[in-house]
$ cat target_12.cif   # mmCIF, N, CA and C atoms and all ligand atoms
data_my_file
loop_
_atom_site.label_atom_id
_atom_site.label_comp_id
_atom_site.auth_asym_id
_atom_site.auth_seq_id
_atom_site.Cartn_x
_atom_site.Cartn_y
_atom_site.Cartn_z
N MET A 16 -20.50 -48.49 -39.20
CA MET A 16 -21.04 -49.56 -38.34
C MET A 16 -20.33 -49.53 -36.99
N ALA A 17 -21.10 -49.62 -35.95
CA ALA A 17 -20.53 -49.51 -34.61
C ALA A 17 -19.97 -50.85 -34.13
N LEU A 18 -18.91 -50.75 -33.35
CA LEU A 18 -18.37 -51.95 -32.73
C LEU A 18 -18.94 -52.07 -31.32
N LYS A 19 -19.30 -53.28 -30.97
CA LYS A 19 -19.83 -53.51 -29.63
C LYS A 19 -19.19 -54.77 -29.04
N TYR A 20 -19.29 -54.86 -27.73
CA TYR A 20 -18.83 -56.09 -27.09
C TYR A 20 -19.95 -57.10 -27.09
N CYS A 21 -19.66 -58.27 -27.56
CA CYS A 21 -20.66 -59.33 -27.59
C CYS A 21 -21.03 -59.70 -26.15
N PRO A 22 -22.34 -59.68 -25.81
CA PRO A 22 -22.74 -60.00 -24.44
C PRO A 22 -22.47 -61.44 -24.06
N GLU A 23 -22.25 -62.30 -25.04
CA GLU A 23 -22.03 -63.71 -24.76
C GLU A 23 -20.55 -64.04 -24.56
N CYS A 24 -19.69 -63.53 -25.43
CA CYS A 24 -18.29 -63.93 -25.36
C CYS A 24 -17.35 -62.75 -25.08
N ASP A 25 -17.91 -61.53 -24.95
CA ASP A 25 -17.11 -60.36 -24.60
C ASP A 25 -16.09 -59.95 -25.65
N LYS A 26 -16.25 -60.44 -26.87
CA LYS A 26 -15.35 -59.99 -27.92
C LYS A 26 -15.99 -58.86 -28.71
N LEU A 27 -15.14 -58.01 -29.28
CA LEU A 27 -15.66 -56.93 -30.11
C LEU A 27 -16.23 -57.50 -31.41
N TYR A 28 -17.36 -56.96 -31.81
CA TYR A 28 -17.93 -57.39 -33.09
C TYR A 28 -18.66 -56.22 -33.71
N ALA A 29 -18.89 -56.29 -35.00
CA ALA A 29 -19.63 -55.25 -35.70
C ALA A 29 -21.11 -55.42 -35.38
N GLU A 30 -21.70 -54.34 -34.89
CA GLU A 30 -23.08 -54.39 -34.44
C GLU A 30 -24.02 -54.95 -35.51
N ASN A 31 -24.95 -55.79 -35.07
CA ASN A 31 -25.94 -56.35 -35.98
C ASN A 31 -27.27 -56.48 -35.26
N PRO A 32 -28.34 -56.73 -36.01
CA PRO A 32 -29.67 -56.75 -35.38
C PRO A 32 -29.85 -57.84 -34.33
N VAL A 33 -29.09 -58.89 -34.44
CA VAL A 33 -29.25 -60.00 -33.50
C VAL A 33 -28.70 -59.63 -32.12
N GLY A 34 -27.66 -58.82 -32.11
CA GLY A 34 -27.13 -58.33 -30.83
C GLY A 34 -26.01 -59.17 -30.25
N ILE A 35 -25.57 -60.16 -30.98
CA ILE A 35 -24.39 -60.92 -30.54
C ILE A 35 -23.51 -61.15 -31.77
N CYS A 36 -22.26 -61.57 -31.53
CA CYS A 36 -21.33 -61.72 -32.65
C CYS A 36 -21.69 -62.92 -33.52
N LEU A 37 -21.11 -62.97 -34.68
CA LEU A 37 -21.45 -64.02 -35.64
C LEU A 37 -21.12 -65.42 -35.11
N ALA A 38 -19.99 -65.51 -34.42
CA ALA A 38 -19.60 -66.80 -33.86
C ALA A 38 -20.66 -67.30 -32.88
N CYS A 39 -21.13 -66.37 -32.03
CA CYS A 39 -22.15 -66.76 -31.05
C CYS A 39 -23.48 -67.05 -31.73
N GLN A 40 -23.77 -66.32 -32.82
CA GLN A 40 -24.99 -66.64 -33.57
C GLN A 40 -24.93 -68.06 -34.10
N ASP A 41 -23.78 -68.43 -34.62
CA ASP A 41 -23.62 -69.80 -35.11
C ASP A 41 -23.83 -70.80 -33.99
N ALA A 42 -23.21 -70.48 -32.85
CA ALA A 42 -23.30 -71.38 -31.70
C ALA A 42 -24.74 -71.48 -31.21
N GLU A 43 -25.51 -70.41 -31.43
CA GLU A 43 -26.88 -70.38 -30.94
C GLU A 43 -27.86 -71.05 -31.89
N GLU A 44 -27.42 -71.24 -33.11
CA GLU A 44 -28.33 -71.76 -34.14
C GLU A 44 -29.03 -73.05 -33.71
N PRO A 45 -28.31 -74.02 -33.13
CA PRO A 45 -29.01 -75.23 -32.68
C PRO A 45 -30.07 -74.93 -31.63
N LEU A 46 -29.81 -73.93 -30.78
CA LEU A 46 -30.79 -73.55 -29.75
C LEU A 46 -32.02 -72.95 -30.41
N VAL A 47 -31.78 -72.08 -31.39
CA VAL A 47 -32.90 -71.48 -32.12
C VAL A 47 -33.74 -72.60 -32.74
N GLU A 48 -33.07 -73.57 -33.30
CA GLU A 48 -33.75 -74.69 -33.93
C GLU A 48 -34.58 -75.46 -32.90
N GLN A 49 -34.00 -75.65 -31.73
CA GLN A 49 -34.70 -76.34 -30.64
C GLN A 49 -35.96 -75.60 -30.24
N VAL A 50 -35.83 -74.28 -30.11
CA VAL A 50 -36.97 -73.46 -29.70
C VAL A 50 -38.05 -73.51 -30.78
N ARG A 51 -37.61 -73.40 -32.03
CA ARG A 51 -38.57 -73.47 -33.14
C ARG A 51 -39.31 -74.80 -33.11
N GLU A 52 -38.54 -75.85 -32.87
CA GLU A 52 -39.10 -77.20 -32.81
C GLU A 52 -40.20 -77.26 -31.74
N PHE A 53 -39.86 -76.75 -30.57
CA PHE A 53 -40.82 -76.78 -29.47
C PHE A 53 -42.07 -75.98 -29.82
N LEU A 54 -41.86 -74.82 -30.46
CA LEU A 54 -43.00 -73.96 -30.77
C LEU A 54 -43.86 -74.53 -31.88
N ARG A 55 -43.28 -75.38 -32.69
CA ARG A 55 -44.06 -76.03 -33.73
C ARG A 55 -45.11 -76.94 -33.10
N GLU A 56 -44.76 -77.53 -31.97
CA GLU A 56 -45.67 -78.45 -31.29
C GLU A 56 -46.69 -77.70 -30.45
N SER A 57 -46.21 -76.76 -29.67
CA SER A 57 -47.14 -76.00 -28.84
C SER A 57 -47.11 -74.56 -29.28
N ARG A 58 -48.16 -74.18 -29.94
CA ARG A 58 -48.14 -72.91 -30.66
C ARG A 58 -48.28 -71.70 -29.75
N LYS A 59 -48.76 -71.93 -28.57
CA LYS A 59 -48.82 -70.82 -27.63
C LYS A 59 -48.00 -71.20 -26.41
N ALA A 60 -46.94 -70.49 -26.21
CA ALA A 60 -46.09 -70.83 -25.07
C ALA A 60 -45.54 -69.56 -24.46
N THR A 61 -45.25 -69.63 -23.20
CA THR A 61 -44.57 -68.50 -22.58
C THR A 61 -43.07 -68.76 -22.63
N ILE A 62 -42.34 -67.69 -22.40
CA ILE A 62 -40.88 -67.82 -22.36
C ILE A 62 -40.49 -68.90 -21.35
N GLU A 63 -41.19 -68.86 -20.22
CA GLU A 63 -40.89 -69.82 -19.15
C GLU A 63 -41.06 -71.26 -19.66
N GLU A 64 -42.15 -71.50 -20.36
CA GLU A 64 -42.39 -72.85 -20.88
C GLU A 64 -41.33 -73.26 -21.88
N VAL A 65 -40.95 -72.32 -22.74
CA VAL A 65 -39.90 -72.60 -23.71
C VAL A 65 -38.60 -72.94 -22.98
N HIS A 66 -38.33 -72.15 -21.96
CA HIS A 66 -37.12 -72.37 -21.17
C HIS A 66 -37.14 -73.75 -20.52
N GLN A 67 -38.27 -74.09 -19.92
CA GLN A 67 -38.40 -75.40 -19.27
C GLN A 67 -38.18 -76.54 -20.27
N ALA A 68 -38.75 -76.36 -21.45
CA ALA A 68 -38.73 -77.44 -22.43
C ALA A 68 -37.38 -77.57 -23.13
N THR A 69 -36.71 -76.45 -23.35
CA THR A 69 -35.49 -76.49 -24.16
C THR A 69 -34.23 -76.24 -23.35
N GLY A 70 -34.38 -75.65 -22.17
CA GLY A 70 -33.22 -75.33 -21.37
C GLY A 70 -32.49 -74.07 -21.84
N VAL A 71 -33.06 -73.41 -22.85
CA VAL A 71 -32.44 -72.17 -23.33
C VAL A 71 -32.73 -71.04 -22.35
N LYS A 72 -31.73 -70.22 -22.11
CA LYS A 72 -31.88 -69.14 -21.15
C LYS A 72 -32.94 -68.12 -21.58
N HIS A 73 -33.62 -67.55 -20.59
CA HIS A 73 -34.66 -66.56 -20.86
C HIS A 73 -34.16 -65.45 -21.77
N LYS A 74 -32.99 -64.91 -21.40
CA LYS A 74 -32.52 -63.75 -22.16
C LYS A 74 -32.13 -64.15 -23.58
N THR A 75 -31.73 -65.39 -23.75
CA THR A 75 -31.42 -65.86 -25.10
C THR A 75 -32.69 -65.99 -25.92
N ILE A 76 -33.73 -66.52 -25.31
CA ILE A 76 -35.02 -66.63 -26.00
C ILE A 76 -35.53 -65.24 -26.38
N LEU A 77 -35.44 -64.33 -25.40
CA LEU A 77 -35.87 -62.96 -25.66
C LEU A 77 -35.12 -62.37 -26.84
N ARG A 78 -33.81 -62.61 -26.86
CA ARG A 78 -33.00 -62.05 -27.92
C ARG A 78 -33.40 -62.65 -29.27
N MET A 79 -33.69 -63.95 -29.26
CA MET A 79 -34.12 -64.60 -30.50
C MET A 79 -35.40 -63.95 -31.03
N ILE A 80 -36.31 -63.66 -30.11
CA ILE A 80 -37.57 -63.05 -30.53
C ILE A 80 -37.33 -61.64 -31.05
N ARG A 81 -36.62 -60.86 -30.23
CA ARG A 81 -36.43 -59.45 -30.57
C ARG A 81 -35.66 -59.29 -31.87
N SER A 82 -34.75 -60.20 -32.13
CA SER A 82 -33.95 -60.06 -33.34
C SER A 82 -34.63 -60.71 -34.54
N GLY A 83 -35.79 -61.31 -34.31
CA GLY A 83 -36.55 -61.86 -35.42
C GLY A 83 -36.12 -63.25 -35.85
N ARG A 84 -35.29 -63.91 -35.04
CA ARG A 84 -34.89 -65.26 -35.42
C ARG A 84 -36.01 -66.25 -35.15
N ILE A 85 -36.85 -65.89 -34.22
CA ILE A 85 -38.07 -66.67 -34.00
C ILE A 85 -39.21 -65.72 -34.24
N GLN A 86 -40.06 -66.04 -35.17
CA GLN A 86 -41.09 -65.09 -35.52
C GLN A 86 -42.48 -65.65 -35.39
N SER A 87 -43.37 -64.77 -34.93
CA SER A 87 -44.74 -65.24 -34.71
C SER A 87 -45.46 -65.47 -36.03
N GLU A 88 -44.91 -64.93 -37.14
CA GLU A 88 -45.55 -65.19 -38.44
C GLU A 88 -45.52 -66.67 -38.77
N HIS A 89 -44.64 -67.39 -38.12
CA HIS A 89 -44.56 -68.81 -38.39
C HIS A 89 -45.72 -69.58 -37.78
N GLY A 90 -46.66 -68.86 -37.21
CA GLY A 90 -47.89 -69.50 -36.77
C GLY A 90 -47.95 -69.81 -35.29
N PHE A 91 -47.05 -69.24 -34.51
CA PHE A 91 -47.17 -69.46 -33.07
C PHE A 91 -47.05 -68.12 -32.36
N SER A 92 -47.52 -68.11 -31.15
CA SER A 92 -47.32 -66.90 -30.38
C SER A 92 -46.52 -67.26 -29.15
N ILE A 93 -45.65 -66.37 -28.84
CA ILE A 93 -44.83 -66.60 -27.66
C ILE A 93 -45.17 -65.49 -26.69
N PHE A 94 -45.25 -65.84 -25.44
CA PHE A 94 -45.65 -64.85 -24.45
C PHE A 94 -44.53 -64.58 -23.47
N PHE A 95 -44.49 -63.36 -23.02
CA PHE A 95 -43.58 -63.00 -21.96
C PHE A 95 -44.28 -63.29 -20.64
N ASN A 96 -43.50 -63.37 -19.59
CA ASN A 96 -44.12 -63.53 -18.28
C ASN A 96 -44.05 -62.21 -17.54
N CYS A 97 -45.18 -61.84 -16.96
CA CYS A 97 -45.21 -60.64 -16.13
C CYS A 97 -44.16 -60.77 -15.04
N GLU A 98 -43.36 -59.73 -14.86
CA GLU A 98 -42.27 -59.83 -13.90
C GLU A 98 -42.77 -59.83 -12.45
N LYS A 99 -44.03 -59.50 -12.27
CA LYS A 99 -44.56 -59.48 -10.91
C LYS A 99 -45.34 -60.75 -10.59
N CYS A 100 -46.27 -61.11 -11.46
CA CYS A 100 -47.13 -62.24 -11.10
C CYS A 100 -46.90 -63.44 -12.02
N GLY A 101 -46.11 -63.26 -13.08
CA GLY A 101 -45.77 -64.39 -13.93
C GLY A 101 -46.82 -64.78 -14.95
N SER A 102 -47.90 -64.04 -15.03
CA SER A 102 -48.91 -64.42 -16.00
C SER A 102 -48.45 -64.04 -17.41
N PRO A 103 -48.90 -64.80 -18.42
CA PRO A 103 -48.42 -64.57 -19.78
C PRO A 103 -48.91 -63.23 -20.36
N ILE A 104 -48.00 -62.50 -20.95
CA ILE A 104 -48.36 -61.25 -21.59
C ILE A 104 -47.72 -61.20 -22.97
N PRO A 105 -48.38 -60.54 -23.92
CA PRO A 105 -47.85 -60.52 -25.29
C PRO A 105 -46.57 -59.71 -25.43
N ASP A 106 -46.39 -58.71 -24.59
CA ASP A 106 -45.20 -57.88 -24.72
C ASP A 106 -45.00 -57.08 -23.44
N GLY A 107 -43.83 -56.52 -23.30
CA GLY A 107 -43.58 -55.66 -22.16
C GLY A 107 -43.11 -56.43 -20.95
N ARG A 108 -43.19 -55.79 -19.79
CA ARG A 108 -42.64 -56.40 -18.59
C ARG A 108 -43.70 -56.81 -17.59
N PHE A 109 -44.84 -56.11 -17.60
CA PHE A 109 -45.87 -56.40 -16.62
C PHE A 109 -47.21 -56.60 -17.31
N CYS A 110 -48.06 -57.41 -16.69
CA CYS A 110 -49.41 -57.57 -17.21
C CYS A 110 -50.21 -56.31 -16.91
N ASP A 111 -51.39 -56.22 -17.51
CA ASP A 111 -52.22 -55.03 -17.33
C ASP A 111 -52.50 -54.75 -15.87
N ALA A 112 -52.93 -55.79 -15.18
CA ALA A 112 -53.30 -55.63 -13.78
C ALA A 112 -52.12 -55.10 -12.97
N CYS A 113 -50.95 -55.71 -13.18
CA CYS A 113 -49.78 -55.31 -12.40
C CYS A 113 -49.31 -53.92 -12.78
N SER A 114 -49.33 -53.59 -14.07
CA SER A 114 -48.84 -52.27 -14.44
C SER A 114 -49.78 -51.19 -13.92
N ARG A 115 -51.09 -51.53 -13.88
CA ARG A 115 -52.04 -50.57 -13.29
C ARG A 115 -51.72 -50.37 -11.82
N LYS A 116 -51.50 -51.50 -11.15
CA LYS A 116 -51.21 -51.45 -9.73
C LYS A 116 -49.91 -50.69 -9.48
N LEU A 117 -48.92 -51.00 -10.31
CA LEU A 117 -47.62 -50.35 -10.15
C LEU A 117 -47.72 -48.85 -10.35
N SER A 118 -48.41 -48.43 -11.39
CA SER A 118 -48.49 -47.00 -11.65
C SER A 118 -49.31 -46.33 -10.56
N GLY A 119 -50.28 -47.07 -10.00
CA GLY A 119 -51.04 -46.55 -8.88
C GLY A 119 -50.14 -46.31 -7.68
N GLU A 120 -49.31 -47.32 -7.40
CA GLU A 120 -48.39 -47.19 -6.27
C GLU A 120 -47.41 -46.05 -6.50
N LEU A 121 -46.96 -45.95 -7.72
CA LEU A 121 -45.99 -44.91 -8.06
C LEU A 121 -46.60 -43.53 -7.86
N LEU A 122 -47.84 -43.39 -8.31
CA LEU A 122 -48.55 -42.13 -8.17
C LEU A 122 -48.68 -41.76 -6.71
N GLU A 123 -49.05 -42.78 -5.93
CA GLU A 123 -49.21 -42.58 -4.49
C GLU A 123 -47.91 -42.09 -3.89
N LYS A 124 -46.82 -42.72 -4.30
CA LYS A 124 -45.50 -42.37 -3.77
C LYS A 124 -45.13 -40.94 -4.15
N VAL A 125 -45.39 -40.61 -5.40
CA VAL A 125 -45.07 -39.26 -5.88
C VAL A 125 -45.86 -38.23 -5.08
N ARG A 126 -47.14 -38.53 -4.84
CA ARG A 126 -47.98 -37.61 -4.07
C ARG A 126 -47.41 -37.43 -2.67
N GLU A 127 -47.02 -38.56 -2.06
CA GLU A 127 -46.49 -38.51 -0.71
C GLU A 127 -45.22 -37.67 -0.67
N MET A 128 -44.35 -37.89 -1.65
CA MET A 128 -43.11 -37.15 -1.70
C MET A 128 -43.37 -35.67 -1.88
N ALA A 129 -44.32 -35.36 -2.71
CA ALA A 129 -44.66 -33.96 -2.94
C ALA A 129 -45.17 -33.33 -1.65
N LYS A 130 -45.95 -34.12 -0.90
CA LYS A 130 -46.49 -33.63 0.37
C LYS A 130 -45.36 -33.34 1.34
N GLU A 131 -44.39 -34.25 1.40
CA GLU A 131 -43.29 -34.07 2.32
C GLU A 131 -42.41 -32.89 1.93
N ALA A 132 -42.21 -32.74 0.64
CA ALA A 132 -41.34 -31.66 0.17
C ALA A 132 -41.97 -30.31 0.42
N GLN A 133 -43.29 -30.25 0.30
CA GLN A 133 -43.99 -28.98 0.51
C GLN A 133 -45.10 -29.18 1.52
N PRO A 134 -44.78 -29.08 2.81
CA PRO A 134 -45.77 -29.36 3.84
C PRO A 134 -47.00 -28.46 3.73
N GLU A 135 -46.79 -27.21 3.44
CA GLU A 135 -47.96 -26.35 3.26
C GLU A 135 -47.88 -25.62 1.92
N PRO A 136 -48.47 -26.25 0.96
CA PRO A 136 -48.41 -25.63 -0.36
C PRO A 136 -49.18 -24.30 -0.40
N LYS A 137 -48.50 -23.24 -0.74
CA LYS A 137 -49.21 -21.98 -0.89
C LYS A 137 -48.86 -21.39 -2.25
N LEU A 138 -49.74 -20.59 -2.71
CA LEU A 138 -49.52 -19.98 -4.01
C LEU A 138 -48.35 -19.01 -3.95
N ASP A 139 -47.43 -19.23 -4.80
CA ASP A 139 -46.30 -18.32 -4.85
C ASP A 139 -46.48 -17.39 -6.03
N VAL A 140 -46.95 -16.20 -5.71
CA VAL A 140 -47.28 -15.27 -6.79
C VAL A 140 -46.05 -14.52 -7.29
N ARG A 141 -44.96 -14.69 -6.56
CA ARG A 141 -43.79 -13.91 -6.94
C ARG A 141 -42.88 -14.64 -7.93
N VAL A 142 -43.29 -15.85 -8.26
CA VAL A 142 -42.44 -16.66 -9.14
C VAL A 142 -42.07 -15.91 -10.41
N LYS A 143 -43.04 -15.25 -10.97
CA LYS A 143 -42.80 -14.66 -12.29
C LYS A 143 -42.08 -13.31 -12.21
N THR A 144 -42.25 -12.58 -11.12
CA THR A 144 -41.65 -11.25 -11.07
C THR A 144 -40.14 -11.36 -11.06
N GLY A 145 -39.52 -10.38 -11.62
CA GLY A 145 -38.06 -10.38 -11.64
C GLY A 145 -37.51 -11.17 -12.80
N SER A 146 -38.35 -11.83 -13.53
CA SER A 146 -37.83 -12.58 -14.68
C SER A 146 -38.55 -12.10 -15.94
N ARG A 147 -38.86 -10.82 -15.96
CA ARG A 147 -39.51 -10.31 -17.15
C ARG A 147 -38.55 -10.27 -18.32
N MET A 148 -39.08 -10.57 -19.44
CA MET A 148 -38.21 -10.82 -20.59
C MET A 148 -38.22 -9.65 -21.58
N TYR A 149 -38.19 -8.44 -21.05
CA TYR A 149 -38.15 -7.31 -21.98
C TYR A 149 -36.79 -7.23 -22.65
N THR A 150 -36.83 -6.92 -23.89
CA THR A 150 -35.57 -6.62 -24.56
C THR A 150 -35.60 -5.15 -24.91
N ARG A 151 -34.66 -4.42 -24.35
CA ARG A 151 -34.74 -2.98 -24.51
C ARG A 151 -33.75 -2.47 -25.56
N ASP A 152 -33.00 -3.37 -26.11
CA ASP A 152 -31.98 -2.90 -27.05
C ASP A 152 -32.51 -2.79 -28.48
N GLY A 153 -33.80 -3.02 -28.62
CA GLY A 153 -34.39 -2.79 -29.92
C GLY A 153 -34.03 -3.84 -30.96
N SER A 154 -33.57 -4.97 -30.52
CA SER A 154 -33.25 -6.00 -31.49
C SER A 154 -34.52 -6.54 -32.13
N ASP A 155 -35.64 -6.34 -31.40
CA ASP A 155 -36.93 -6.69 -31.98
C ASP A 155 -37.35 -5.67 -33.03
N GLN A 156 -37.99 -6.13 -34.02
CA GLN A 156 -38.54 -5.19 -35.00
C GLN A 156 -39.72 -4.46 -34.40
N SER A 157 -39.84 -3.14 -34.58
CA SER A 157 -41.03 -2.44 -34.13
C SER A 157 -41.40 -1.38 -35.13
ZN ZN B 201 -19.91 -63.58 -29.15
ZN ZN B 202 -48.83 -59.39 -13.44
#

$ encode --input "target_12.cif" --output "structure tokens" --more "lines below"
Ligand SMILES: [Zn+2]
Ligand SMILES: [Zn+2]
Amino acid sequence: MALKYCPECDKLYAENPVGICLACQDAEEPLVEQVREFLRESRKATIEEVHQATGVKHKTILRMIRSGRIQSEHGFSIFFNCEKCGSPIPDGRFCDACSRKLSGELLEKVREMAKEAQPEPKLDVRVKTGSRMYTRDGSDQS
């Protein structure tokens, strides 16, 4: 079992699925209960709404979800907020629209960079010559 530093209290602890030490898990239990309570009332909520209602930090809520302390099997769904536009998404960091836009922008950037790196792309037919892979020592079966 690996030892890790607890992100909450900076003490070494034996790694576990929750991602924080046992002491901090205990300390977090009332918060988990609060979040569960809130989700019992409003079955569809975003992290932001949970945060507003309970005062629990975003990353703590995320950790509760990821570690399974709050589970959607209990009859509610919790949504993440798109990091760009804030709209609710079931998982990940960006909504569909934003991730499409982002990958579009990224592609554009990559193309531009490629253009700058090679102002006049020409076929380089000599790439392969000089790197022929003959083995002449007969180590191959023939
Ligand atoms: Zn801790
Ligand atoms: Zn978005």

$ residues_near_point --input "target_12.cif" --point "(-37.6, -65.4, -20.2)" --cutoff "9 Å" --atoms "only C-alpha atoms" --output "PyMOL selection string"
chain A and resi 61-66+72-77+95-96

$ select_by_dssp --input "target_12.cif" --residues "region 30-109 of chain A" --states "strand (DSSP E or B)" --output "mmCIF file with N, CA and C atoms, in the coordinates of the input"
data_model
loop_
_atom_site.group_PDB
_atom_site.id
_atom_site.type_symbol
_atom_site.label_atom_id
_atom_site.label_comp_id
_atom_site.auth_asym_id
_atom_site.auth_seq_id
_atom_site.Cartn_x
_atom_site.Cartn_y
_atom_site.Cartn_z
ATOM 1 N N LYS A 59 -48.760 -71.930 -28.570
ATOM 2 C CA LYS A 59 -48.820 -70.820 -27.630
ATOM 3 C C LYS A 59 -48.000 -71.200 -26.410
ATOM 4 N N ALA A 60 -46.940 -70.490 -26.210
ATOM 5 C CA ALA A 60 -46.090 -70.830 -25.070
ATOM 6 C C ALA A 60 -45.540 -69.560 -24.460
ATOM 7 N N THR A 61 -45.250 -69.630 -23.200
ATOM 8 C CA THR A 61 -44.570 -68.500 -22.580
ATOM 9 C C THR A 61 -43.070 -68.760 -22.630
ATOM 10 N N SER A 92 -47.520 -68.110 -31.150
ATOM 11 C CA SER A 92 -47.320 -66.900 -30.380
ATOM 12 C C SER A 92 -46.520 -67.260 -29.150
ATOM 13 N N ILE A 93 -45.650 -66.370 -28.840
ATOM 14 C CA ILE A 93 -44.830 -66.600 -27.660
ATOM 15 C C ILE A 93 -45.170 -65.490 -26.690
ATOM 16 N N PHE A 94 -45.250 -65.840 -25.440
ATOM 17 C CA PHE A 94 -45.650 -64.850 -24.450
ATOM 18 C C PHE A 94 -44.530 -64.580 -23.470
ATOM 19 N N PHE A 95 -44.490 -63.360 -23.020
ATOM 20 C CA PHE A 95 -43.580 -63.000 -21.960
ATOM 21 C C PHE A 95 -44.280 -63.290 -20.640
ATOM 22 N N ASN A 96 -43.500 -63.370 -19.590
ATOM 23 C CA ASN A 96 -44.120 -63.530 -18.280
ATOM 24 C C ASN A 96 -44.050 -62.210 -17.540
ATOM 25 N N PRO A 103 -48.900 -64.800 -18.420
ATOM 26 C CA PRO A 103 -48.420 -64.570 -19.780
ATOM 27 C C PRO A 103 -48.910 -63.230 -20.360
ATOM 28 N N ILE A 104 -48.000 -62.500 -20.950
ATOM 29 C CA ILE A 104 -48.360 -61.250 -21.590
ATOM 30 C C ILE A 104 -47.720 -61.200 -22.970
#

$ residues_around --input "target_12.cif" --residues "Gly107 (chain A)" --least-positions-apart "5" --cutoff "12 Å" --atoms "only C-alpha atoms" --output "PyMOL selection string"
chain A and resi 77+81+94-99+102+113-114

$ atom_distance --input "target_12.cif" --atom1 "atom N of Cys21 (chain A)" --atom2 "atom C of Ile93 (chain A)"
26.5 Å

$ residues_near_ligand --input "target_12.cif" --ligand "ligand ZN 201 (chain B)" --cutoff "8 Å" --atoms "all atoms listed in the file" --output "ChimeraX atom specification"
/A:20-28,34-40

$ atom_distance --input "target_12.cif" --atom1 "atom N of Ile104 (chain A)" --atom2 "atom N of Lys59 (chain A)"
12.1 Å

$ closest_residue --input "target_12.cif" --among "A:Arg108, A:Arg84, A:Lys19, A:Arg55" --to "ligand ZN 202 (chain B)" --atoms "only N, CA and C atoms and all ligand atoms"
A:Arg108

$ atom_distance --input "target_12.cif" --atom1 "atom C of Val33 (chain A)" --atom2 "CA of Ser82 (chain A)"
5.4 Å

$ closest_residue --input "target_12.cif" --among "A:Leu18, A:Ala42, A:Leu117, A:Cys100" --to "ligand ZN 202 (chain B)" --atoms "all atoms listed in the file"
A:Cys100

$ closest_residue --input "target_12.cif" --among "A:Asp41, A:Asp106, A:Glu131, A:Glu123" --to "ligand ZN 202 (chain B)" --atoms "only C-alpha atoms and all ligand atoms"
A:Asp106

$ closest_residue --input "target_12.cif" --among "A:Cys110, A:Met16, A:Val47, A:Ala29" --to "ligand ZN 202 (chain B)" --atoms "all atoms listed in the file"
A:Cys110
